[in-house]
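Participant: Handing over start_14.txt, compact mmCIF, C-alpha atoms.
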# COMPACT_ATOMS: atom_id res chain seq x y z
CA MET U 121 10.14 -25.42 8.81
CA VAL U 122 11.77 -21.99 8.71
CA VAL U 123 11.81 -20.17 5.37
CA ASN U 124 15.21 -18.76 4.56
CA ILE U 125 15.18 -14.98 4.04
CA PRO U 126 18.58 -14.06 2.66
CA ASN U 127 18.27 -10.30 2.42
CA CYS U 128 16.73 -7.19 3.94
CA GLU U 129 14.82 -6.25 0.76
CA GLN U 130 12.73 -9.39 1.09
CA VAL U 131 11.98 -8.53 4.71
CA TRP U 132 10.83 -5.01 3.75
CA ARG U 133 8.59 -6.49 1.05
CA GLU U 134 6.79 -8.61 3.65
CA ILE U 135 6.92 -6.24 6.61
CA SER U 136 3.42 -4.84 6.12
CA ASN U 137 1.92 -8.35 5.92
CA TYR U 138 3.97 -9.28 9.00
CA VAL U 139 2.52 -6.37 11.01
CA ASP U 140 -0.99 -7.40 9.90
CA GLY U 141 -0.38 -11.04 10.93
CA ASP U 142 -0.80 -12.01 7.28
CA VAL U 143 2.29 -14.27 6.90
CA ASP U 144 2.45 -18.01 7.49
CA ALA U 145 4.19 -19.49 10.52
CA ALA U 146 7.38 -20.45 8.66
CA LEU U 147 7.87 -16.99 7.18
CA ARG U 148 7.08 -15.35 10.53
CA ALA U 149 9.70 -17.48 12.30
CA SER U 150 12.25 -16.67 9.63
CA MET U 151 11.52 -12.94 9.86
CA ASP U 152 11.68 -13.06 13.67
CA ASN U 153 15.16 -14.56 13.37
CA HIS U 154 16.18 -11.84 10.95
CA PHE U 155 14.90 -9.04 13.22
CA ARG U 156 16.98 -10.40 16.10
CA THR U 157 20.18 -10.04 14.13
CA CYS U 158 19.53 -7.14 11.75
CA ARG U 159 19.38 -3.72 13.38
CA LYS U 160 18.19 -2.03 10.17
CA CYS U 161 15.19 -4.30 9.74
CA ALA U 162 14.34 -4.08 13.45
CA SER U 163 14.23 -0.30 12.98
CA VAL U 164 11.95 -0.62 9.93
CA LEU U 165 9.62 -2.94 11.84
CA ALA U 166 9.43 -0.69 14.88
CA GLY U 167 8.80 2.42 12.80
CA THR U 168 6.07 0.69 10.79
CA LYS U 169 4.39 -0.39 14.02
CA ASN U 170 4.59 3.23 15.26
CA VAL U 171 2.88 4.45 12.08
CA VAL U 172 0.08 1.88 12.36
CA ALA U 173 -0.48 2.61 16.08
CA LEU U 174 -0.45 6.42 15.81
CA TYR U 175 -2.59 6.79 12.70
CA GLY U 176 -4.95 4.02 13.84
CA ASP U 177 -5.79 5.98 16.98
CA GLU U 178 -9.32 7.40 17.14
CA ARG U 179 -7.86 10.80 18.02
CA MET U 180 -6.47 11.12 14.49
CA LEU U 181 -10.01 11.35 13.11
CA ASP U 182 -11.41 14.82 13.43
CA VAL U 183 -14.43 16.61 12.01
CA PRO U 184 -14.98 20.36 11.51
CA ALA U 185 -16.75 22.17 14.34
CA GLY U 186 -20.54 21.94 14.01
CA PHE U 187 -20.42 18.92 11.66
CA GLY U 188 -22.79 16.85 13.81
CA ARG U 189 -25.26 19.70 14.28
CA ARG U 190 -25.40 20.38 10.53
CA LEU U 191 -25.82 16.67 9.77
CA GLU U 192 -28.62 16.32 12.31
CA LYS U 193 -30.41 19.26 10.71
CA ARG U 194 -30.17 17.81 7.20
CA LEU U 195 -31.33 14.42 8.42
CA ALA U 196 -34.33 15.94 10.21
CA LYS U 197 -35.29 17.75 7.00
CA LYS U 198 -34.96 14.55 4.94
CA ALA U 199 -36.92 12.54 7.54
CA ALA U 200 -39.76 15.05 7.39
CA VAL U 201 -39.98 14.73 3.59
CA LYS U 202 -39.71 10.94 3.76
CA GLY U 203 -42.37 10.79 6.46
CA ARG U 204 -44.83 12.74 4.33
CA GLY U 205 -44.13 10.46 1.39
CA TRP U 206 -44.70 7.31 3.38
CA ALA U 207 -47.97 8.45 4.94
CA GLY U 208 -49.60 8.85 1.54
CA TRP U 209 -48.07 5.81 -0.13
CA THR U 210 -48.31 3.07 2.45
CA ALA U 211 -52.13 2.92 2.30
CA TRP U 212 -52.09 1.27 -1.12
CA VAL U 213 -48.45 0.39 -1.85
CA ILE U 214 -48.19 -2.38 0.77
CA PRO U 215 -51.21 -4.43 -0.43
CA VAL U 216 -50.14 -3.97 -4.06
CA ALA U 217 -46.57 -4.96 -3.24
CA ALA U 218 -47.80 -8.03 -1.38
CA MET U 219 -49.85 -9.10 -4.41
CA ALA U 220 -46.90 -8.51 -6.71
CA LEU U 221 -44.69 -10.61 -4.42
CA ILE U 222 -47.17 -13.51 -4.50
CA ALA U 223 -47.48 -13.26 -8.29
CA GLY U 224 -43.70 -13.03 -8.63
CA THR U 225 -43.20 -16.12 -6.47
CA LEU U 226 -45.65 -18.11 -8.58
CA MET U 227 -43.86 -17.07 -11.76
CA LEU U 228 -40.47 -18.26 -10.51
CA THR U 229 -39.38 -21.44 -12.23
CA SER U 230 -36.28 -23.53 -11.54
CA SER U 231 -33.89 -20.56 -11.72
CA SER U 232 -34.02 -17.33 -9.70
CA ARG U 233 -31.64 -15.53 -12.09
CA SER U 234 -33.25 -13.17 -14.59
CA PRO U 235 -32.08 -13.02 -18.20
CA LEU U 236 -29.66 -10.18 -18.97
CA LYS U 237 -31.51 -6.96 -19.69
CA SER U 238 -29.04 -6.15 -22.44
CA GLN U 239 -29.03 -8.91 -25.06
CA HIS U 240 -25.51 -8.07 -26.14
CA ALA U 241 -23.93 -7.75 -22.72
CA GLU U 242 -22.30 -10.14 -20.28
CA PRO U 243 -22.36 -9.78 -16.50
CA ALA U 244 -19.43 -8.10 -14.80
CA LYS U 245 -16.43 -10.16 -13.84
CA ASP U 246 -14.72 -9.97 -10.44
CA ILE U 247 -17.16 -7.35 -9.19
CA PRO U 248 -17.44 -7.36 -5.36
CA PRO U 249 -20.84 -9.04 -4.73
CA GLU U 250 -21.69 -6.87 -1.70
CA MET U 251 -20.88 -3.56 -3.40
CA VAL U 252 -23.75 -1.10 -2.96
CA VAL U 253 -25.15 -0.21 -6.39
CA VAL U 254 -28.14 1.60 -7.84
CA VAL U 255 -30.61 0.63 -10.57
CA SER U 256 -33.64 2.40 -11.97
CA SER U 257 -36.73 1.06 -13.66
CA GLY U 258 -36.65 0.75 -17.44
CA ALA U 259 -32.82 0.82 -17.54
CA LYS U 260 -30.38 -2.01 -18.19
CA LEU U 261 -27.37 -0.84 -16.22
CA PHE U 262 -26.41 -0.76 -12.57
CA HIS U 263 -24.30 2.08 -11.19
CA VAL U 264 -22.40 3.19 -8.10
CA PRO U 265 -24.63 5.61 -6.11
CA GLY U 266 -24.40 9.12 -7.47
CA CYS U 267 -23.31 8.17 -11.03
CA GLU U 268 -24.34 10.96 -13.36
CA PHE U 269 -25.59 8.44 -15.93
CA ILE U 270 -28.36 6.94 -13.83
CA HIS U 271 -31.39 6.73 -16.07
CA ASP U 272 -34.57 8.12 -14.43
CA LYS U 273 -33.26 9.11 -10.99
CA ALA U 274 -36.82 9.26 -9.62
CA SER U 275 -37.14 5.47 -9.75
CA GLU U 276 -33.67 4.84 -8.25
CA ARG U 277 -33.36 1.68 -6.11
CA THR U 278 -30.34 0.53 -4.07
CA LEU U 279 -29.21 -3.10 -3.88
CA THR U 280 -26.03 -5.15 -3.89
CA ALA U 281 -24.09 -5.84 -7.10
CA LYS U 282 -24.92 -9.54 -6.71
CA GLU U 283 -28.65 -8.83 -6.59
CA ALA U 284 -28.42 -6.44 -9.53
CA MET U 285 -26.68 -9.11 -11.62
CA GLN U 286 -29.26 -11.71 -10.53
CA GLU U 287 -31.94 -9.36 -11.81
CA GLY U 288 -30.15 -9.18 -15.15
CA TYR U 289 -28.64 -5.70 -14.87
CA VAL U 290 -25.20 -5.12 -16.40
CA PRO U 291 -22.50 -2.73 -15.09
CA CYS U 292 -22.40 0.90 -16.21
CA PRO U 293 -19.40 1.27 -18.55
CA ARG U 294 -18.63 4.66 -17.02
CA CYS U 295 -18.72 4.32 -13.25
CA LEU U 296 -17.91 0.57 -13.14
CA ARG U 297 -15.56 0.41 -16.09
CA GLN U 298 -12.79 -1.33 -14.16
CA TYR U 299 -14.98 -4.44 -13.96
CA LEU U 300 -15.47 -4.52 -17.72
CA LYS U 301 -11.76 -4.80 -18.50
CA THR U 302 -11.96 -8.58 -18.80
CA GLY U 303 -14.72 -8.09 -21.38
CA LEU U 304 -12.18 -6.45 -23.68
CA THR U 305 -10.30 -9.71 -24.05
CA ARG U 306 -13.30 -11.60 -25.37
CA GLU U 307 -12.76 -13.24 -28.69
CA SER U 308 -15.94 -12.02 -30.35
CA GLU U 309 -15.33 -8.40 -31.22
CA GLY U 310 -18.73 -8.20 -32.85
CA ASP U 311 -20.46 -8.97 -29.56
CA HIS U 312 -18.42 -6.34 -27.79
CA ALA U 313 -19.21 -3.68 -30.36
CA ALA U 314 -22.93 -4.46 -30.05
CA GLU U 315 -22.72 -4.28 -26.26
CA ALA U 316 -20.89 -0.96 -26.37
CA GLU U 317 -23.51 0.40 -28.76
CA ASP U 318 -26.30 -0.78 -26.51
CA GLU U 319 -24.78 0.87 -23.42
CA ARG U 320 -23.86 4.06 -25.28
CA GLY U 321 -27.51 4.40 -26.25
CA GLU U 322 -28.61 4.24 -22.64
CA ILE U 323 -26.02 6.81 -21.55
CA LEU U 324 -27.00 9.18 -24.33
CA ARG U 325 -30.68 8.85 -23.41
CA THR U 326 -29.81 9.65 -19.80
CA ALA U 327 -27.57 12.57 -20.72
CA GLY U 328 -30.31 13.96 -22.93
CA GLN U 329 -32.84 14.08 -20.11
CA MET E 618 -20.20 8.33 32.98
CA SER E 619 -23.48 8.80 31.11
CA GLU E 620 -25.55 5.82 29.96
CA PRO E 621 -24.81 6.15 26.19
CA GLU E 622 -21.05 6.37 26.94
CA MET E 623 -21.24 3.21 29.05
CA VAL E 624 -23.00 1.40 26.19
CA LEU E 625 -20.43 2.58 23.64
CA ASN E 626 -17.55 1.44 25.85
CA ASN E 627 -18.89 -2.11 25.97
CA PRO E 628 -18.54 -3.74 22.51
CA VAL E 629 -21.28 -6.35 23.06
CA GLN E 630 -23.81 -3.83 24.41
CA SER E 631 -22.77 -1.41 21.68
CA ALA E 632 -23.35 -3.99 18.89
CA THR E 633 -26.72 -4.98 20.36
CA ARG E 634 -27.78 -1.35 20.66
CA GLU E 635 -26.71 -0.78 17.05
CA GLN E 636 -28.84 -3.71 15.86
CA GLU E 637 -31.82 -2.35 17.80
CA LEU E 638 -31.34 1.10 16.30
CA ILE E 639 -31.07 -0.28 12.76
CA GLN E 640 -34.29 -2.28 13.17
CA SER E 641 -36.11 0.69 14.69
CA VAL E 642 -35.06 3.01 11.86
CA GLN E 643 -35.99 0.34 9.28
CA ARG E 644 -39.43 0.16 10.90
CA GLY E 645 -39.84 3.90 10.44
CA GLN E 646 -38.37 5.57 13.55
CA SER E 647 -36.38 8.05 11.45
CA GLU E 648 -35.50 10.23 14.43
CA LEU E 649 -33.14 7.49 15.70
CA PHE E 650 -30.96 7.51 12.56
CA TYR E 651 -28.63 10.24 13.82
CA GLU E 652 -28.01 8.27 17.02
CA LEU E 653 -27.16 5.28 14.81
CA VAL E 654 -24.58 7.09 12.66
CA ARG E 655 -23.13 9.47 15.25
CA PRO E 656 -20.37 7.04 16.37
CA TYR E 657 -19.20 6.86 12.74
CA GLU E 658 -19.37 10.50 11.67
CA ARG E 659 -15.64 11.03 12.16
CA ARG E 660 -14.77 7.92 10.12
CA VAL E 661 -17.19 8.87 7.35
CA TYR E 662 -15.73 12.39 7.17
CA ALA E 663 -12.14 11.06 7.15
CA ALA E 664 -12.94 8.70 4.26
CA ALA E 665 -14.44 11.55 2.21
CA LEU E 666 -11.51 13.86 3.05
CA ALA E 667 -8.94 11.25 2.00
CA ILE E 668 -10.51 11.15 -1.45
CA LEU E 669 -11.55 14.78 -1.98
CA ARG E 670 -8.80 16.60 0.03
CA ASN E 671 -11.00 19.62 0.56
CA GLU E 672 -12.77 20.12 3.89
CA HIS E 673 -15.87 21.72 2.43
CA ASP E 674 -16.31 19.08 -0.29
CA ALA E 675 -15.57 16.30 2.20
CA GLU E 676 -18.23 17.52 4.62
CA ASP E 677 -20.80 17.81 1.85
CA ALA E 678 -19.98 14.35 0.47
CA ALA E 679 -19.98 12.79 3.96
CA GLN E 680 -23.36 14.27 4.77
CA GLU E 681 -24.81 13.34 1.38
CA ALA E 682 -23.60 9.77 1.95
CA MET E 683 -25.36 9.69 5.33
CA LEU E 684 -28.56 10.93 3.68
CA LYS E 685 -28.26 8.17 1.06
CA ALA E 686 -27.71 5.61 3.80
CA PHE E 687 -30.81 6.92 5.54
CA ALA E 688 -32.87 6.76 2.35
CA ASN E 689 -31.72 3.18 1.72
CA ILE E 690 -31.62 1.82 5.26
CA ARG E 691 -34.22 -0.83 4.39
CA GLN E 692 -31.74 -2.37 1.96
CA PHE E 693 -29.13 -2.85 4.69
CA ARG E 694 -28.64 -6.57 5.50
CA ALA E 695 -27.92 -7.67 9.05
CA GLU E 696 -25.06 -9.96 7.94
CA ALA E 697 -22.98 -6.95 6.82
CA ARG E 698 -21.17 -4.57 9.19
CA PHE E 699 -23.09 -1.31 9.37
CA SER E 700 -19.87 0.76 9.56
CA THR E 701 -18.48 -0.91 6.42
CA TRP E 702 -21.76 -0.35 4.55
CA LEU E 703 -21.73 3.32 5.57
CA ILE E 704 -18.09 3.84 4.56
CA GLN E 705 -18.66 2.05 1.24
CA ILE E 706 -21.50 4.46 0.41
CA THR E 707 -19.25 7.39 1.40
CA VAL E 708 -16.35 6.20 -0.75
CA ASN E 709 -18.72 5.73 -3.71
CA GLU E 710 -20.12 9.22 -3.20
CA ALA E 711 -16.66 10.82 -2.91
CA LEU E 712 -15.21 8.93 -5.90
CA MET E 713 -18.22 9.91 -7.99
CA ARG E 714 -17.77 13.58 -7.10
CA ARG E 715 -14.10 13.44 -7.91
CA ARG E 716 -14.79 11.85 -11.30
CA ARG E 717 -17.42 14.50 -12.02
CA GLU E 718 -15.12 17.37 -11.10
CA ARG E 719 -11.89 15.93 -12.40
CA THR E 720 -9.87 18.36 -14.48
CA VAL E 721 -6.68 16.30 -14.63
CA PRO E 722 -6.48 13.09 -16.69
CA MET E 723 -6.76 9.63 -15.13
CA GLU E 724 -3.66 7.89 -13.84
CA GLY E 725 -1.50 6.76 -16.74
CA LEU E 726 1.00 4.02 -17.32
CA ASP E 727 3.76 5.90 -15.48
CA ASP E 728 1.68 5.84 -12.34
CA ARG E 729 1.27 2.07 -12.52
CA ARG E 730 5.00 1.60 -13.10
CA ASP E 731 5.70 3.71 -10.06
CA GLU E 732 3.59 1.35 -7.96
CA GLU E 733 5.55 -1.67 -9.13
CA ALA E 734 8.90 -0.11 -8.18
CA GLU E 735 9.96 -1.12 -4.67
CA TYR E 736 10.33 1.46 -1.94
CA ALA E 737 13.43 1.20 0.21
CA PRO E 738 13.33 2.67 3.75
CA ARG E 739 15.80 5.51 4.26
CA ASP E 740 16.14 5.92 8.00
CA PHE E 741 17.53 3.19 10.25
CA ALA E 742 18.00 4.91 13.60
CA ASP E 743 17.48 3.05 16.87
CA TRP E 744 13.85 2.68 17.79
CA ARG E 745 11.78 3.93 20.71
CA GLU E 746 8.02 3.64 20.85
CA ILE E 747 6.14 6.93 20.45
CA PRO E 748 3.62 6.92 23.32
CA SER E 749 0.03 7.43 22.20
CA GLU E 750 -0.18 10.39 24.64
CA ALA E 751 1.65 12.32 21.92
CA LEU E 752 -1.69 12.50 20.12
CA GLU E 753 -3.14 14.62 22.92
CA ARG E 754 -1.21 17.50 21.37
CA LYS E 755 -3.02 19.11 18.47
CA GLU E 756 0.30 20.11 16.95
CA VAL E 757 1.38 16.45 16.71
CA ARG E 758 -1.95 15.44 15.13
CA GLN E 759 -1.56 18.25 12.59
CA ARG E 760 1.98 17.17 11.73
CA LEU E 761 0.84 13.60 11.19
CA ALA E 762 -2.09 14.76 9.04
CA GLU E 763 0.28 16.92 6.97
CA ALA E 764 2.63 13.98 6.44
CA LEU E 765 -0.32 11.87 5.27
CA GLY E 766 -1.36 14.69 2.94
CA THR E 767 1.97 14.52 1.11
CA LEU E 768 1.35 10.93 -0.05
CA ASP E 769 0.06 10.33 -3.56
CA ARG E 770 -3.69 9.83 -3.73
CA LYS E 771 -3.60 6.09 -4.36
CA TYR E 772 -1.41 5.42 -1.32
CA ARG E 773 -3.31 7.84 0.91
CA GLU E 774 -6.74 6.35 0.10
CA VAL E 775 -5.67 2.79 0.83
CA PHE E 776 -3.86 3.81 4.03
CA VAL E 777 -6.83 5.80 5.36
CA LEU E 778 -9.36 3.05 4.70
CA ARG E 779 -7.15 0.27 6.05
CA ASP E 780 -5.22 1.83 8.93
CA MET E 781 -7.50 4.68 10.03
CA GLU E 782 -10.95 3.35 9.14
CA HIS E 783 -9.88 -0.20 10.04
CA LEU E 784 -11.50 -1.87 7.02
CA ASN E 785 -9.88 -5.21 6.26
CA ILE E 786 -7.85 -5.75 3.08
CA GLN E 787 -10.79 -7.27 1.17
CA GLU E 788 -13.18 -4.48 2.23
CA THR E 789 -10.62 -1.83 1.23
CA ALA E 790 -10.24 -3.46 -2.19
CA GLU E 791 -14.01 -3.57 -2.68
CA ALA E 792 -14.56 0.01 -1.51
CA LEU E 793 -11.96 1.39 -3.94
CA GLY E 794 -12.67 -1.06 -6.77
CA ILE E 795 -9.07 -2.32 -6.88
CA THR E 796 -7.50 -5.76 -6.38
CA VAL E 797 -6.39 -7.20 -3.05
CA ALA E 798 -2.82 -7.35 -4.42
CA SER E 799 -2.92 -3.61 -5.20
CA VAL E 800 -4.19 -2.83 -1.70
CA LYS E 801 -1.28 -4.76 -0.18
CA THR E 802 1.33 -3.13 -2.42
CA ARG E 803 0.01 0.38 -1.83
CA LEU E 804 -0.40 -0.18 1.90
CA LEU E 805 3.19 -1.36 2.28
CA ARG E 806 4.48 1.65 0.43
CA ALA E 807 2.25 4.10 2.33
CA ARG E 808 3.41 2.73 5.70
CA LEU E 809 7.10 2.82 4.75
CA MET E 810 6.85 6.35 3.35
CA LEU E 811 5.05 7.60 6.46
CA ARG E 812 7.66 5.92 8.62
CA ASP E 813 10.41 7.88 6.86
CA LEU E 814 8.38 11.11 7.07
CA LEU E 815 7.91 10.64 10.80
CA ALA E 816 11.61 9.92 11.21
CA ALA E 817 12.37 13.19 9.40
CA GLY E 818 9.77 14.87 11.63
CA TRP E 819 11.67 13.63 14.64
CA GLU E 820 14.76 15.43 13.37
CA GLN E 821 12.68 18.60 13.09
CA GLY E 822 11.45 18.27 16.68
CA TRP E 823 7.79 17.28 16.14
CA PHE E 824 7.88 15.18 19.28
CA SER E 825 10.47 17.28 21.11
CA ARG E 826 8.38 17.76 24.24
CA LEU E 827 7.84 14.03 24.62
CA PRO E 828 9.62 12.13 27.39
CA PHE E 829 12.30 10.42 25.25
CA GLU E 830 15.82 10.01 26.46
CA LYS E 831 18.21 12.60 25.17
CA GLY E 832 19.79 11.66 21.85
CA THR E 833 17.47 8.78 20.98
CA LYS E 834 14.92 8.65 18.17
CA PRO E 835 11.54 6.97 18.34
CA TRP E 836 13.10 4.43 15.95
Turn this file's structure into structure tokens for me.
Facilitator:
Amino acid sequence: MVVNIPNCEQVWREISNYVDGDVDAALRASMDNHFRTCRKCASVLAGTKNVVALYGDERMLDVPAGFGRRLEKRLAKKAAVKGRGWAGWTAWVIPVAAMALIAGTLMLTSSSRSPLKSQHAEPAKDIPPEMVVVVSSGAKLFHVPGCEFIHDKASERTLTAKEAMQEGYVPCPRCLRQYLKTGLTRESEGDHAAEAEDERGEILRTAGQ
Amino acid sequence: MSEPEMVLNNPVQSATREQELIQSVQRGQSELFYELVRPYERRVYAAALAILRNEHDAEDAAQEAMLKAFANIRQFRAEARFSTWLIQITVNEALMRRRRERTVPMEGLDDRRDEEAEYAPRDFADWREIPSEALERKEVRQRLAEALGTLDRKYREVFVLRDMEHLNIQETAEALGITVASVKTRLLRARLMLRDLLAAGWEQGWFSRLPFEKGTKPW
């Protein structure tokens, strides 16, 4: 079946998806027909392909002179600090961690999902599960790395958003606010006010540090 | 050709070598981390530059992101693409810096309306393919970069991640914290605007030393 595309505007609307191969067979066939007869749309298609090919070329990515050398230097410095830290810690951290893991496994019941750390909050909606986020011990929120409201940066730990939510963390209302928008439509305004209060408290504590 | 270049030119060998490097660094061979990230340093820098638009800030954010990746390499899961993980950390770092240093207000309603309005192409000249050899000339690369720099932030960021960093639509949406539908709308507009800018550039002779027939445009 060929989908009927009556005008050029509809072709332009789909042209990016067409270049990406993200249109179904019927629409593709219909657009192919249109390109054969419409010089304007053939020009738009060709130009779009030129843009994608030129900007997608590796040669368009450039770094300032000395970038690699400076990065290597910073990494070496960081590795030296990390190495010192590991030498002292590994002697006792690994056995302790192993014991904690065994104890943790025994404590697991039917569900592996922890209760929410904030009693008044709900987990984020539509948050990408593989997004890299940061949590810290004693806090209730998870953040994008580098958020200025991370509570106790010394105990920072990186994980995916999915893992953070499984551990009961809730999204930071500052750096992850776009994922809280659905929360604003909840019927219970009282719950939302309590949640906001809860999170504001954590941010203020962090800011006061 | 040197041995590392031969490995990088073979995708299967390159992916295997990357897996080996990741495992070695995760086991504590920190000195191999630079070798692991070196193939991506240009992509990481470009992602930071697209968001911060300042070379100094972009370099600092890109390097800080690499340090964060190094510090958290044990959290990296083999099922994810290392390059995507690295770029996601970079985008987070750059967005965080921009939020921290922002002096202008967030995008308002007008900005969203602008996105919904359709963009109509302006130039319909006959098409010729621009050969990729054009990119050998620094002047051409600079012109293209300048054209990209004139796009609004939201279009530029999506275009760079999708068409220059080669993230897929879903990954681009996740990296920027926007919907898949928004990525598609912004990408379409960015490509059409750049197409018109390049057409105008043709009029101004950007590609004048290229072997096109007299009187024809690249499209």
Participant: Set the cut-off to 7 Å and count only C-alpha atoms: what are the residues of chain U that reach chain E? Output as a ChimeraX atom specification.
Facilitator: /U:136,160,163-164,166-168,170-172,174-176,179-183,191-192,195,199,248,251-252,264-267,278-279
Participant: May I have the residues from that selection written out with C-alpha atoms, as an mmCIF file, keeping the file's coordinate frame?
Facilitator:
data_model
loop_
_atom_site.group_PDB
_atom_site.id
_atom_site.type_symbol
_atom_site.label_atom_id
_atom_site.label_comp_id
_atom_site.auth_asym_id
_atom_site.auth_seq_id
_atom_site.Cartn_x
_atom_site.Cartn_y
_atom_site.Cartn_z
ATOM 1 C CA SER U 136 3.420 -4.840 6.120
ATOM 2 C CA LYS U 160 18.190 -2.030 10.170
ATOM 3 C CA SER U 163 14.230 -0.300 12.980
ATOM 4 C CA VAL U 164 11.950 -0.620 9.930
ATOM 5 C CA ALA U 166 9.430 -0.690 14.880
ATOM 6 C CA GLY U 167 8.800 2.420 12.800
ATOM 7 C CA THR U 168 6.070 0.690 10.790
ATOM 8 C CA ASN U 170 4.590 3.230 15.260
ATOM 9 C CA VAL U 171 2.880 4.450 12.080
ATOM 10 C CA VAL U 172 0.080 1.880 12.360
ATOM 11 C CA LEU U 174 -0.450 6.420 15.810
ATOM 12 C CA TYR U 175 -2.590 6.790 12.700
ATOM 13 C CA GLY U 176 -4.950 4.020 13.840
ATOM 14 C CA ARG U 179 -7.860 10.800 18.020
ATOM 15 C CA MET U 180 -6.470 11.120 14.490
ATOM 16 C CA LEU U 181 -10.010 11.350 13.110
ATOM 17 C CA ASP U 182 -11.410 14.820 13.430
ATOM 18 C CA VAL U 183 -14.430 16.610 12.010
ATOM 19 C CA LEU U 191 -25.820 16.670 9.770
ATOM 20 C CA GLU U 192 -28.620 16.320 12.310
ATOM 21 C CA LEU U 195 -31.330 14.420 8.420
ATOM 22 C CA ALA U 199 -36.920 12.540 7.540
ATOM 23 C CA PRO U 248 -17.440 -7.360 -5.360
ATOM 24 C CA MET U 251 -20.880 -3.560 -3.400
ATOM 25 C CA VAL U 252 -23.750 -1.100 -2.960
ATOM 26 C CA VAL U 264 -22.400 3.190 -8.100
ATOM 27 C CA PRO U 265 -24.630 5.610 -6.110
ATOM 28 C CA GLY U 266 -24.400 9.120 -7.470
ATOM 29 C CA CYS U 267 -23.310 8.170 -11.030
ATOM 30 C CA THR U 278 -30.340 0.530 -4.070
ATOM 31 C CA LEU U 279 -29.210 -3.100 -3.880
#
Participant: What does the structure give for the distance between atom CA of Ile639 of chain E and atom CA of Val255 of chain U, in Å to one decimal?
Facilitator: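 Between these atoms lies a distance of 23.4 Å.
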Participant: Need to verify the contact set: Tyr772 of chain E, 6 Å, all atoms listed in the file, exclusion of same-chain residues closer than 3 positions in sequence. Can you return it as a ChimeraX atom specification?
Facilitator: /E:769,775,803,807
